[in-house]
$ cat my_file-v2.cif   # mmCIF, C-alpha atoms (C1' of nucleotides)
data_start
#
loop_
_atom_site.label_atom_id
_atom_site.label_comp_id
_atom_site.auth_asym_id
_atom_site.auth_seq_id
_atom_site.Cartn_x
_atom_site.Cartn_y
_atom_site.Cartn_z
CA MET A 46 230.37 -83.50 -2.21
CA SER A 47 233.37 -82.23 -0.27
CA SER A 48 232.27 -79.05 1.41
CA LYS A 49 235.80 -77.64 1.68
CA ASN A 50 237.88 -76.22 -1.10
CA SER A 51 239.69 -79.04 -2.76
CA GLU A 52 242.00 -78.68 -5.69
CA THR A 53 239.68 -80.26 -8.24
CA ARG A 54 236.58 -78.63 -6.89
CA ASN A 55 238.13 -75.31 -7.76
CA LYS A 56 239.23 -76.59 -11.13
CA ILE A 57 235.63 -77.54 -11.81
CA LEU A 58 234.23 -74.21 -10.73
CA LYS A 59 236.82 -72.36 -12.75
CA ALA A 60 236.02 -74.42 -15.83
CA CYS A 61 232.32 -73.85 -15.29
CA VAL A 62 232.71 -70.10 -15.02
CA HIS A 63 234.84 -70.01 -18.11
CA LEU A 64 232.40 -72.05 -20.17
CA LEU A 65 229.39 -70.08 -19.04
CA GLU A 66 231.13 -66.84 -19.83
CA THR A 67 232.43 -67.75 -23.23
CA SER A 68 229.86 -70.07 -24.75
CA GLN A 69 227.06 -67.53 -24.61
CA GLY A 70 223.81 -69.21 -25.32
CA LYS A 71 225.08 -72.64 -26.20
CA GLU A 72 224.34 -75.31 -23.69
CA VAL A 73 227.01 -76.09 -21.15
CA ARG A 74 226.85 -79.81 -20.50
CA MET A 75 228.33 -81.71 -17.63
CA THR A 76 230.55 -83.46 -20.15
CA ASP A 77 231.88 -80.12 -21.38
CA ILE A 78 232.63 -78.91 -17.90
CA ALA A 79 234.40 -82.14 -17.02
CA ARG A 80 236.50 -82.17 -20.15
CA HIS A 81 237.39 -78.55 -19.65
CA ALA A 82 238.39 -79.18 -16.05
CA GLY A 83 240.51 -82.09 -17.19
CA ILE A 84 238.65 -84.75 -15.24
CA SER A 85 236.09 -87.43 -15.94
CA ARG A 86 232.42 -86.61 -16.10
CA GLN A 87 231.74 -88.89 -13.16
CA ALA A 88 234.22 -87.03 -11.01
CA LEU A 89 231.92 -84.01 -11.20
CA TYR A 90 229.35 -85.96 -9.28
CA LEU A 91 231.92 -86.62 -6.58
CA HIS A 92 231.82 -82.90 -5.86
CA PHE A 93 228.36 -81.79 -6.91
CA ALA A 94 225.28 -83.95 -6.72
CA THR A 95 223.49 -82.32 -9.64
CA ARG A 96 224.07 -79.84 -12.38
CA ALA A 97 221.91 -77.34 -10.53
CA GLU A 98 224.06 -77.65 -7.45
CA LEU A 99 227.17 -77.06 -9.50
CA LEU A 100 225.70 -73.96 -11.09
CA ILE A 101 224.65 -72.58 -7.76
CA ALA A 102 228.08 -73.24 -6.31
CA THR A 103 229.50 -71.45 -9.31
CA THR A 104 227.52 -68.32 -8.57
CA HIS A 105 228.83 -68.29 -5.02
CA TYR A 106 232.30 -68.83 -6.36
CA VAL A 107 232.20 -65.83 -8.66
CA ASP A 108 230.56 -63.72 -6.01
CA GLU A 109 233.53 -64.40 -3.80
CA LEU A 110 235.93 -63.61 -6.59
CA LEU A 111 234.16 -60.37 -7.37
CA GLU A 112 233.52 -59.41 -3.80
CA SER A 113 230.00 -58.65 -4.85
CA GLU A 114 228.69 -58.06 -1.38
CA LYS A 115 231.25 -55.42 -0.72
CA ARG A 116 230.70 -53.63 -3.99
CA LEU A 117 226.94 -53.58 -3.68
CA ALA A 118 227.04 -52.51 -0.06
CA ALA A 119 229.24 -49.54 -0.97
CA SER A 120 226.22 -47.64 -2.26
CA ARG A 121 224.92 -47.53 1.30
CA THR A 122 227.48 -44.94 2.28
CA ALA A 123 226.20 -42.32 -0.14
CA GLU A 124 224.87 -39.21 1.52
CA THR A 125 221.78 -38.12 -0.33
CA GLY A 126 219.05 -40.33 -1.71
CA ILE A 127 219.90 -39.38 -5.24
CA GLN A 128 223.53 -40.25 -4.79
CA ARG A 129 222.53 -43.48 -3.27
CA LEU A 130 220.23 -44.32 -6.16
CA ASP A 131 223.01 -43.51 -8.61
CA ALA A 132 225.54 -45.50 -6.66
CA TYR A 133 223.32 -48.53 -6.50
CA ILE A 134 222.56 -48.46 -10.19
CA GLU A 135 226.25 -48.06 -10.89
CA ALA A 136 227.20 -50.94 -8.63
CA TRP A 137 224.51 -53.37 -9.71
CA GLY A 138 224.71 -52.36 -13.33
CA SER A 139 228.43 -53.06 -13.34
CA TYR A 140 227.88 -56.35 -11.62
CA ILE A 141 225.49 -57.65 -14.26
CA PRO A 142 227.88 -58.16 -17.16
CA GLU A 143 230.22 -60.07 -14.90
CA VAL A 144 227.63 -62.59 -13.85
CA TYR A 145 225.56 -62.57 -16.99
CA GLY A 146 226.67 -65.99 -18.17
CA ILE A 147 226.05 -67.71 -14.89
CA ALA A 148 222.80 -65.87 -14.35
CA GLY A 149 221.60 -67.03 -17.74
CA ALA A 150 222.24 -70.65 -16.91
CA LEU A 151 220.49 -70.38 -13.57
CA LEU A 152 217.62 -68.50 -15.12
CA ALA A 153 217.16 -71.21 -17.72
CA MET A 154 216.93 -73.90 -15.03
CA LYS A 155 214.59 -71.87 -12.88
CA ASP A 156 211.48 -73.34 -14.49
CA THR A 157 212.47 -76.97 -14.17
CA ASP A 158 214.71 -77.13 -11.13
CA GLU A 159 213.56 -76.35 -7.65
CA ALA A 160 217.03 -75.66 -6.28
CA ALA A 161 217.96 -73.37 -9.12
CA ALA A 162 214.73 -71.44 -8.69
CA LYS A 163 215.44 -71.00 -5.01
CA ALA A 164 218.99 -69.81 -5.61
CA TRP A 165 217.78 -67.37 -8.20
CA ASN A 166 214.98 -66.02 -6.07
CA GLU A 167 217.29 -65.44 -3.15
CA ARG A 168 219.51 -63.42 -5.39
CA MET A 169 216.62 -61.38 -6.70
CA GLU A 170 215.42 -60.81 -3.18
CA ASP A 171 218.84 -59.45 -2.22
CA MET A 172 218.77 -57.19 -5.21
CA ARG A 173 215.35 -55.97 -4.29
CA GLU A 174 216.60 -55.01 -0.86
CA GLY A 175 219.21 -52.83 -2.48
CA CYS A 176 216.49 -51.15 -4.52
CA GLU A 177 214.35 -50.72 -1.47
CA ALA A 178 217.17 -49.09 0.44
CA ALA A 179 217.78 -46.63 -2.36
CA ILE A 180 214.10 -45.76 -2.61
CA ASN A 181 213.84 -45.36 1.13
CA ALA A 182 216.76 -43.00 1.04
CA LEU A 183 214.85 -40.88 -1.46
CA GLN A 184 211.79 -41.06 0.72
CA ASN A 185 213.76 -39.85 3.74
CA ASP A 186 215.09 -36.93 1.73
CA LYS A 187 211.53 -36.15 0.64
CA THR A 188 212.74 -36.40 -2.91
CA LEU A 189 210.67 -39.43 -3.86
CA SER A 190 207.90 -38.49 -6.24
CA PRO A 191 204.53 -38.46 -4.49
CA ALA A 192 203.22 -40.44 -7.43
CA TYR A 193 204.73 -43.58 -5.93
CA SER A 194 204.57 -45.43 -2.70
CA PRO A 195 208.01 -46.71 -1.69
CA ASP A 196 206.82 -50.23 -2.40
CA GLU A 197 205.70 -49.45 -5.90
CA ALA A 198 208.83 -47.51 -6.62
CA THR A 199 210.91 -50.40 -5.36
CA ASP A 200 209.09 -52.84 -7.62
CA ILE A 201 209.67 -50.61 -10.60
CA LEU A 202 213.31 -49.97 -9.92
CA TRP A 203 213.83 -53.67 -9.31
CA THR A 204 212.23 -54.40 -12.65
CA MET A 205 214.17 -51.70 -14.47
CA LEU A 206 217.43 -53.12 -13.22
CA SER A 207 216.66 -56.70 -14.13
CA ILE A 208 219.31 -58.70 -15.87
CA ARG A 209 216.89 -59.33 -18.72
CA ASN A 210 216.60 -55.60 -19.32
CA TRP A 211 220.34 -55.28 -19.38
CA GLU A 212 220.37 -58.14 -21.85
CA LEU A 213 217.83 -56.47 -24.10
CA LEU A 214 219.67 -53.19 -24.18
CA CYS A 215 223.30 -54.30 -24.14
CA ILE A 216 223.09 -57.59 -26.02
CA GLU A 217 220.08 -57.29 -28.29
CA ARG A 218 220.29 -53.58 -28.99
CA GLY A 219 224.05 -53.34 -28.69
CA TRP A 220 224.25 -50.60 -26.11
CA SER A 221 227.60 -49.99 -24.48
CA GLN A 222 227.89 -50.50 -20.78
CA LYS A 223 228.49 -46.79 -20.36
CA LYS A 224 225.37 -45.87 -22.28
CA TYR A 225 223.40 -48.39 -20.28
CA LEU A 226 224.51 -46.97 -16.94
CA GLU A 227 223.96 -43.38 -17.92
CA ASN A 228 220.54 -44.03 -19.34
CA LEU A 229 219.38 -46.06 -16.42
CA LYS A 230 220.48 -43.46 -13.95
CA SER A 231 218.71 -40.77 -15.87
CA LEU A 232 215.62 -42.91 -16.31
CA ALA A 233 215.47 -43.66 -12.62
CA ARG A 234 215.73 -39.97 -11.78
CA ARG A 235 212.98 -39.09 -14.20
CA ALA A 236 210.85 -41.85 -12.81
CA PHE A 237 211.32 -41.45 -9.10
CA LEU A 238 212.33 -37.91 -8.26
CA ALA A 239 209.67 -35.41 -7.35
CA SER A 240 209.74 -32.69 -9.95
CA MET B 211 202.63 -81.14 -42.23
CA SER B 212 199.39 -80.28 -43.95
CA SER B 213 199.52 -76.56 -44.57
CA LYS B 214 195.72 -76.17 -44.63
CA ASN B 215 193.43 -76.20 -41.67
CA SER B 216 192.47 -79.73 -41.00
CA GLU B 217 190.25 -80.88 -38.21
CA THR B 218 192.98 -82.49 -36.15
CA ARG B 219 195.49 -79.77 -36.81
CA ASN B 220 193.15 -77.40 -35.05
CA LYS B 221 192.54 -79.86 -32.27
CA ILE B 222 196.26 -80.00 -31.72
CA LEU B 223 196.68 -76.24 -31.69
CA LYS B 224 193.77 -75.84 -29.34
CA ALA B 225 195.18 -78.44 -26.98
CA CYS B 226 198.56 -76.79 -27.13
CA VAL B 227 197.17 -73.37 -26.30
CA HIS B 228 195.19 -74.78 -23.43
CA LEU B 229 198.15 -76.63 -21.95
CA LEU B 230 200.50 -73.68 -22.28
CA GLU B 231 197.98 -71.41 -20.65
CA THR B 232 197.08 -73.62 -17.73
CA SER B 233 200.24 -75.51 -16.84
CA GLN B 234 202.21 -72.39 -16.04
CA GLY B 235 205.84 -73.24 -15.75
CA LYS B 236 205.55 -77.00 -15.98
CA GLU B 237 206.88 -78.50 -19.14
CA VAL B 238 204.46 -79.17 -21.91
CA ARG B 239 205.59 -82.34 -23.61
CA MET B 240 204.61 -83.63 -27.01
CA THR B 241 203.01 -86.55 -25.23
CA ASP B 242 200.86 -84.23 -23.14
CA ILE B 243 199.70 -82.28 -26.15
CA ALA B 244 198.85 -85.45 -28.04
CA ARG B 245 196.93 -86.97 -25.18
CA HIS B 246 195.07 -83.76 -24.63
CA ALA B 247 194.17 -83.50 -28.30
CA GLY B 248 192.95 -87.06 -28.20
CA ILE B 249 195.39 -88.42 -30.74
CA SER B 250 198.59 -90.40 -30.71
CA ARG B 251 201.90 -88.73 -30.14
CA GLN B 252 203.10 -89.77 -33.55
CA ALA B 253 200.15 -88.08 -35.21
CA LEU B 254 201.56 -84.77 -34.01
CA TYR B 255 204.50 -85.31 -36.28
CA LEU B 256 202.14 -85.79 -39.18
CA HIS B 257 201.21 -82.13 -38.75
CA PHE B 258 204.28 -80.51 -37.24
CA ALA B 259 207.82 -81.64 -37.90
CA THR B 260 209.18 -80.53 -34.55
CA ARG B 261 208.05 -79.21 -31.23
CA ALA B 262 209.41 -75.80 -32.14
CA GLU B 263 207.32 -75.74 -35.28
CA LEU B 264 204.24 -76.63 -33.32
CA LEU B 265 204.86 -73.88 -30.81
CA ILE B 266 205.39 -71.35 -33.53
CA ALA B 267 202.22 -72.41 -35.29
CA THR B 268 200.47 -72.06 -31.96
CA THR B 269 201.50 -68.43 -31.63
CA HIS B 270 200.11 -67.69 -35.09
CA TYR B 271 196.97 -69.52 -34.15
CA VAL B 272 196.32 -67.43 -31.05
CA ASP B 273 197.23 -64.28 -32.88
CA GLU B 274 194.49 -65.03 -35.33
CA LEU B 275 192.06 -65.80 -32.55
CA LEU B 276 192.90 -62.59 -30.75
CA GLU B 277 193.11 -60.48 -33.85
CA SER B 278 196.33 -59.14 -32.45
CA GLU B 279 197.29 -57.22 -35.52
CA LYS B 280 194.09 -55.31 -35.52
CA ARG B 281 194.25 -54.50 -31.84
CA LEU B 282 197.83 -53.35 -31.96
CA ALA B 283 197.31 -51.34 -35.09
CA ALA B 284 194.44 -49.48 -33.46
CA SER B 285 196.88 -47.30 -31.55
CA ARG B 286 197.95 -45.80 -34.86
CA THR B 287 194.76 -43.84 -35.15
CA ALA B 288 195.36 -41.80 -32.01
CA GLU B 289 195.73 -38.10 -32.64
CA THR B 290 198.47 -36.81 -30.41
CA GLY B 291 201.75 -38.50 -29.64
CA ILE B 292 200.82 -38.90 -26.02
CA GLN B 293 197.55 -40.54 -26.86
CA ARG B 294 199.33 -42.81 -29.22
CA LEU B 295 201.88 -43.79 -26.59
CA ASP B 296 199.09 -44.51 -24.14
CA ALA B 297 197.11 -46.45 -26.69
CA TYR B 298 200.06 -48.58 -27.64
CA ILE B 299 200.91 -49.39 -24.06
CA GLU B 300 197.28 -50.23 -23.44
CA ALA B 301 197.06 -52.49 -26.48
CA TRP B 302 200.35 -54.28 -26.04
CA GLY B 303 200.04 -54.48 -22.28
CA SER B 304 196.64 -56.12 -22.64
CA TYR B 305 197.98 -58.49 -25.23
CA ILE B 306 200.75 -59.81 -22.99
CA PRO B 307 198.70 -61.78 -20.47
CA GLU B 308 196.87 -63.50 -23.30
CA VAL B 309 200.01 -64.79 -24.93
CA TYR B 310 202.11 -65.15 -21.83
CA GLY B 311 202.00 -68.95 -21.76
CA ILE B 312 202.95 -69.37 -25.37
CA ALA B 313 205.55 -66.65 -25.18
CA GLY B 314 207.14 -68.39 -22.22
CA ALA B 315 207.46 -71.65 -24.11
CA LEU B 316 208.97 -69.95 -27.13
CA LEU B 317 211.27 -67.90 -24.97
CA ALA B 318 212.53 -71.02 -23.27
CA MET B 319 213.39 -72.63 -26.60
CA LYS B 320 215.03 -69.51 -27.96
CA ASP B 321 218.46 -70.49 -26.68
CA THR B 322 218.49 -73.97 -28.12
CA ASP B 323 216.27 -73.84 -31.16
CA GLU B 324 217.04 -71.79 -34.20
CA ALA B 325 213.47 -71.68 -35.48
CA ALA B 326 212.05 -70.68 -32.13
CA ALA B 327 214.60 -67.91 -31.83
CA LYS B 328 213.68 -66.61 -35.25
CA ALA B 329 209.97 -66.66 -34.49
CA TRP B 330 210.56 -64.85 -31.26
CA ASN B 331 212.80 -62.24 -32.78
CA GLU B 332 210.30 -61.48 -35.50
CA ARG B 333 207.72 -60.87 -32.86
CA MET B 334 209.99 -58.60 -30.90
CA GLU B 335 210.83 -56.74 -34.05
CA ASP B 336 207.15 -56.12 -34.73
CA MET B 337 206.70 -54.91 -31.22
CA ARG B 338 209.64 -52.60 -31.59
CA GLU B 339 208.03 -51.05 -34.64
CA GLY B 340 205.01 -50.23 -32.56
CA CYS B 341 207.23 -48.56 -30.00
CA GLU B 342 209.07 -46.69 -32.70
CA ALA B 343 205.83 -45.40 -34.17
CA ALA B 344 204.69 -44.13 -30.78
CA ILE B 345 208.00 -42.42 -30.14
CA ASN B 346 208.01 -40.88 -33.59
CA ALA B 347 204.55 -39.52 -32.93
CA LEU B 348 205.93 -37.81 -29.84
CA GLN B 349 208.83 -36.50 -31.85
CA ASN B 350 206.50 -35.03 -34.47
CA ASP B 351 204.51 -33.31 -31.75
CA LYS B 352 207.77 -31.93 -30.33
CA THR B 353 206.82 -33.55 -27.07
CA LEU B 354 209.67 -36.04 -26.96
CA SER B 355 212.17 -35.12 -24.30
CA PRO B 356 215.34 -33.68 -25.83
CA ALA B 357 217.24 -35.99 -23.54
CA TYR B 358 216.58 -38.84 -25.94
CA SER B 359 217.09 -39.55 -29.56
CA PRO B 360 214.09 -41.35 -31.06
CA ASP B 361 216.21 -44.48 -31.34
CA GLU B 362 217.21 -44.47 -27.72
CA ALA B 363 213.70 -43.76 -26.62
CA THR B 364 212.44 -46.61 -28.75
CA ASP B 365 214.94 -49.02 -27.22
CA ILE B 366 213.92 -48.01 -23.75
CA LEU B 367 210.20 -48.19 -24.37
CA TRP B 368 210.68 -51.54 -26.05
CA THR B 369 212.55 -52.78 -23.01
CA MET B 370 210.03 -51.36 -20.56
CA LEU B 371 207.24 -53.17 -22.31
CA SER B 372 208.99 -56.52 -22.45
CA ILE B 373 207.04 -59.59 -21.47
CA ARG B 374 209.66 -60.35 -18.85
CA ASN B 375 208.95 -57.01 -17.17
CA TRP B 376 205.26 -57.74 -17.18
CA GLU B 377 206.12 -61.10 -15.66
CA LEU B 378 208.21 -59.55 -12.92
CA LEU B 379 205.54 -57.06 -11.95
CA CYS B 380 202.35 -59.04 -12.48
CA ILE B 381 203.51 -62.55 -11.63
CA GLU B 382 206.42 -62.13 -9.24
CA ARG B 383 205.25 -58.99 -7.50
CA GLY B 384 201.56 -59.69 -7.86
CA TRP B 385 200.52 -56.48 -9.54
CA SER B 386 197.07 -56.36 -11.06
CA GLN B 387 196.77 -55.83 -14.76
CA LYS B 388 195.17 -52.47 -14.10
CA LYS B 389 197.99 -51.35 -11.86
CA TYR B 390 200.49 -52.52 -14.44
CA LEU B 391 198.92 -50.55 -17.24
CA GLU B 392 198.51 -47.40 -15.24
CA ASN B 393 202.02 -47.48 -13.92
CA LEU B 394 203.57 -48.17 -17.28
CA LYS B 395 201.72 -45.36 -18.91
CA SER B 396 202.75 -42.97 -16.22
CA LEU B 397 206.33 -44.22 -16.28
CA ALA B 398 206.53 -43.79 -20.02
CA ARG B 399 205.27 -40.24 -19.76
CA ARG B 400 207.76 -39.38 -17.09
CA ALA B 401 210.50 -40.93 -19.12
CA PHE B 402 209.79 -39.61 -22.56
CA LEU B 403 207.83 -36.39 -22.39
CA ALA B 404 209.67 -33.11 -22.44
CA SER B 405 208.98 -31.37 -19.14
"C1'" DC C 70 186.78 -103.89 -54.76
"C1'" DA C 71 191.07 -101.29 -54.72
"C1'" DT C 72 193.30 -97.16 -53.54
"C1'" DT C 73 194.62 -93.45 -50.75
"C1'" DA C 74 195.09 -90.53 -46.70
"C1'" DA C 75 194.93 -89.97 -41.88
"C1'" DC C 76 195.94 -92.38 -37.64
"C1'" DT C 77 197.46 -96.05 -34.70
"C1'" DT C 78 200.80 -99.13 -32.37
"C1'" DG C 79 205.18 -100.40 -31.17
"C1'" DA C 80 209.98 -100.37 -31.55
"C1'" DC C 81 214.08 -97.81 -31.63
"C1'" DA C 82 218.04 -94.20 -31.93
"C1'" DC C 83 219.96 -90.15 -29.81
"C1'" DC C 84 221.13 -87.09 -26.03
"C1'" DG C 85 221.85 -85.46 -21.59
"C1'" DT C 86 221.47 -86.36 -16.56
"C1'" DG C 87 222.27 -89.12 -12.88
"C1'" DT C 88 223.60 -93.92 -10.71
"C1'" DC C 89 226.31 -97.96 -9.74
"C1'" DA C 90 230.15 -101.18 -9.46
"C1'" DA C 91 234.68 -102.54 -10.11
"C1'" DT C 92 239.33 -100.87 -10.56
"C1'" DT C 93 243.63 -98.03 -10.10
"C1'" DG C 94 247.10 -95.25 -7.85
"C1'" DA C 95 248.79 -92.35 -4.19
"C1'" DC C 96 249.68 -91.78 0.30
"C1'" DA C 97 249.36 -92.44 5.24
"C1'" DT C 98 249.66 -95.26 9.35
"C1'" DG C 99 250.45 -99.28 12.19
"C1'" DC D 81 255.58 -104.20 4.19
"C1'" DA D 82 250.68 -104.67 4.54
"C1'" DT D 83 246.48 -102.34 4.98
"C1'" DG D 84 243.18 -99.06 4.49
"C1'" DT D 85 241.36 -95.08 2.55
"C1'" DC D 86 240.45 -91.50 -0.57
"C1'" DA D 87 240.07 -89.44 -5.09
"C1'" DA D 88 239.58 -90.46 -9.47
"C1'" DT D 89 238.84 -93.60 -13.54
"C1'" DT D 90 236.30 -96.73 -16.79
"C1'" DG D 91 232.31 -98.67 -18.43
"C1'" DA D 92 227.66 -99.92 -18.18
"C1'" DC D 93 223.03 -98.65 -17.50
"C1'" DA D 94 218.25 -96.43 -16.32
"C1'" DC D 95 215.29 -92.64 -17.30
"C1'" DG D 96 212.91 -89.09 -19.77
"C1'" DG D 97 212.07 -86.50 -23.84
"C1'" DT D 98 212.40 -85.80 -28.96
"C1'" DG D 99 212.25 -87.50 -33.31
"C1'" DT D 100 212.18 -91.65 -36.83
"C1'" DC D 101 210.61 -95.76 -39.02
"C1'" DA D 102 207.76 -99.66 -40.42
"C1'" DA D 103 203.62 -102.12 -40.49
"C1'" DG D 104 198.84 -102.30 -39.69
"C1'" DT D 105 193.97 -100.21 -39.24
"C1'" DT D 106 190.03 -97.54 -40.70
"C1'" DA D 107 187.15 -94.75 -43.46
"C1'" DA D 108 186.14 -92.30 -47.49
"C1'" DT D 109 186.28 -92.26 -52.57
"C1'" DG D 110 186.68 -93.76 -57.27
#
$ encode --input "my_file-v2.cif" --output "structure tokens"
Amino acid sequence: MSSKNSETRNKILKACVHLLETSQGKEVRMTDIARHAGISRQALYLHFATRAELLIATTHYVDELLESEKRLAASRTAETGIQRLDAYIEAWGSYIPEVYGIAGALLAMKDTDEAAAKAWNERMEDMREGCEAAINALQNDKTLSPAYSPDEATDILWTMLSIRNWELLCIERGWSQKKYLENLKSLARRAFLAS
Amino acid sequence: MSSKNSETRNKILKACVHLLETSQGKEVRMTDIARHAGISRQALYLHFATRAELLIATTHYVDELLESEKRLAASRTAETGIQRLDAYIEAWGSYIPEVYGIAGALLAMKDTDEAAAKAWNERMEDMREGCEAAINALQNDKTLSPAYSPDEATDILWTMLSIRNWELLCIERGWSQKKYLENLKSLARRAFLAS
DNA sequence: CATTAACTTGACACCGTGTCAATTGACATG
DNA sequence: CATGTCAATTGACACGGTGTCAAGTTAATG
């Protein structure tokens, strides 16, 4: 459970990311991760107490790699509410495919594992704040449709942008990433802008 | 594996429904179902070869109880496209909370179990047909926004109405069923109607 | 009375997670 | 050089859940 970055710890995380990304759907077992990292299964437990902990660490790991914070925060600099809404959808929507594998694993554990649920909920809470900020920006511009309170609008935007929705459109229905982004931006405008 | 309705088969299905409905989130084990049905665990396997098969049978069972077909088909009688859209959202949206428990169980098995995935996909396909019919009705009325092809609009409506979205709004965000239905109807209008 | 079908009990195999103990090998420090 | 320590290894094992198998019980039916 070394808290620092050790050589093997990184090997493990790297292997975990790779497996989650490639083996879409199929289970990713501790054994698989170990083999792929070139170490023994037991050595995993020297670094991560449980599978859940490993998965959570993996999300942090990729977030660092992707500089997620930075990219998501960028939308905050947009001038108008509409631009901000667009920028947030663009940023978050581009983030999804890069974390989809890991998110899926975490999501699957959510129901059975306390720690995984917590990690996931924190993430969703962060995302919701981004939505809230975008909606508030609309509100300040007086461009938010009077049909919605900011809270309601936030809930809806947050739901629209869920990873599961991305999954339905881009995986199940085969939409391209470009089509997804364009459609979601346009949908959000239709939904939230005062006409 | 008796294909007919036997006494105990129904007891099992009833127990299964009850457990899935009440024990939200917690696992529902074969043992639990057996105990709750008042029979031995092994007797379950006399009626259903696998857990997946039992769950699938359970969905059919509740569908029969709820007369889902009938209720969902009702929207087809609406006159205008808009009414039809509303009616479908009303029907499907009211159906969700009643099958939420079972759906969750099936959804969770989707990734690991072939049969469960198939059962789920069939269901989603049916639902998509309902969406398609509503969108086509709009199209025929020339009230579908030119921004969308019927296919795109169908995909989006289908996504909007996903059980996971209902879950996010009604479970996670605590929306009432009434609020959910109203908001989804209004959202769909904003999204799909030509302005 | 004998047969048959539905159930029961109890044991067991398989898998995946997590634990434990004993061992090895590298490397640092006195 | 001896010692200790740290990371990793091997191998065994417990636990929980699904699914299988075999033998025995019970009740209905001819």
$ atom_distance --input "my_file-v2.cif" --atom1 "atom CA of A:Leu130" --atom2 "atom CA of A:Ser113"
17.4 Å
$ resolve_selection --input "my_file-v2.cif" --expression "the PyMOL selection byres ((chain D and resi 82-98) around 8)" --output "list in words"
Ser85 and Ala88 of chain A; Arg239 of chain B; DT92 and DT93 of chain C; DC81 and DG99 of chain D
$ resolve_selection --input "my_file-v2.cif" --expression "the PyMOL selection byres ((chain B) within 12 of (chain D))" --output "ChimeraX atom specification"
/B:237-242,251-252,254-256,258-262
$ atom_distance --input "my_file-v2.cif" --atom1 "atom CA of B:His246" --atom2 "atom CA of B:Ile381"
26.3 Å
$ residues_around --input "my_file-v2.cif" --residues "B:Asp321" --least-positions-apart "4" --cutoff "9 Å" --atoms "all atoms listed in the file" --output "VMD selection string"
(chain A and resid 70 to 72) or (chain B and resid 317 326 to 327)
$ atom_distance --input "my_file-v2.cif" --atom1 "atom CA of A:Tyr106" --atom2 "atom CA of A:Glu170"
19.0 Å
$ resolve_selection --input "my_file-v2.cif" --expression "the PyMOL selection byres ((chain A and resi 116-120) around 12)" --output "ChimeraX atom specification"
/A:108-115,121-141,171-176,178-179,182
$ closest_atom_pairs --input "my_file-v2.cif" --of "chain A" --to "chain B" --cutoff "8 Å" --atoms "all atoms listed in the file" --output "CSV"
residue,atom,partner,partner_atom,distance
A:Gly70,CA,B:Asp321,CA,5.7
A:Lys71,CA,B:Asp321,CA,7.0
A:Glu72,CA,B:Thr322,CA,7.5
A:Ala153,CA,B:Ala318,CA,7.2
A:Asp156,CA,B:Gly235,CA,5.8
A:Thr157,CA,B:Lys236,CA,7.2
A:Asp200,CA,B:Leu379,CA,7.0
A:Ile201,CA,B:Leu379,CA,7.8
A:Thr204,CA,B:Asn375,CA,6.2
A:Met205,CA,B:Met370,CA,7.4
A:Arg209,CA,B:Arg374,CA,7.3
A:Asn210,CA,B:Thr369,CA,6.2
A:Leu213,CA,B:Thr369,CA,6.5
A:Leu214,CA,B:Asp365,CA,7.0
A:Arg218,CA,B:Asp365,CA,7.2
A:Leu232,CA,B:Ala401,CA,6.2
A:Arg235,CA,B:Ala401,CA,5.8
A:Ala236,CA,B:Arg400,CA,5.8
$ residues_around --input "my_file-v2.cif" --residues "A:His92" --least-positions-apart "4" --cutoff "12 Å" --atoms "only C-alpha atoms (C1' of nucleotides)" --output "number ranges by chain"
A: 46-58, 79, 84-88, 96, 98-99, 102; D: 87-88
$ closest_atom_pairs --input "my_file-v2.cif" --of "chain C" --to "chain B" --cutoff "9 Å" --atoms "only C-alpha atoms (C1' of nucleotides)" --output "JSON lines"
{"residue": "C:DA75", "atom": "C1'", "partner": "B:Ala253", "partner_atom": "CA", "distance": 8.7}
{"residue": "C:DC76", "atom": "C1'", "partner": "B:Ala253", "partner_atom": "CA", "distance": 6.5}
{"residue": "C:DT77", "atom": "C1'", "partner": "B:Ser250", "partner_atom": "CA", "distance": 7.0}
$ residues_near_point --input "my_file-v2.cif" --point "(222.2, -64.7, -11.2)" --cutoff "10 Å" --atoms "only C-alpha atoms (C1' of nucleotides)" --output "VMD selection string"
chain A and resid 100 to 101 104 to 105 108 141 143 to 152 161 164 to 169 208
$ axis_aligned_box --input "my_file-v2.cif" --around "stretch 80-96 of chain C" --padding-each-side "3 Å" --output "JSON"
{"center_x": 229.8, "center_y": -94.0, "center_z": -15.8, "size_x": 45.7, "size_y": 23.1, "size_z": 38.2}
$ closest_residue --input "my_file-v2.cif" --among "A:Thr67, A:Ala239, A:Pro191, A:Ala60" --to "A:Arg80" --atoms "only C-alpha atoms"
A:Ala60
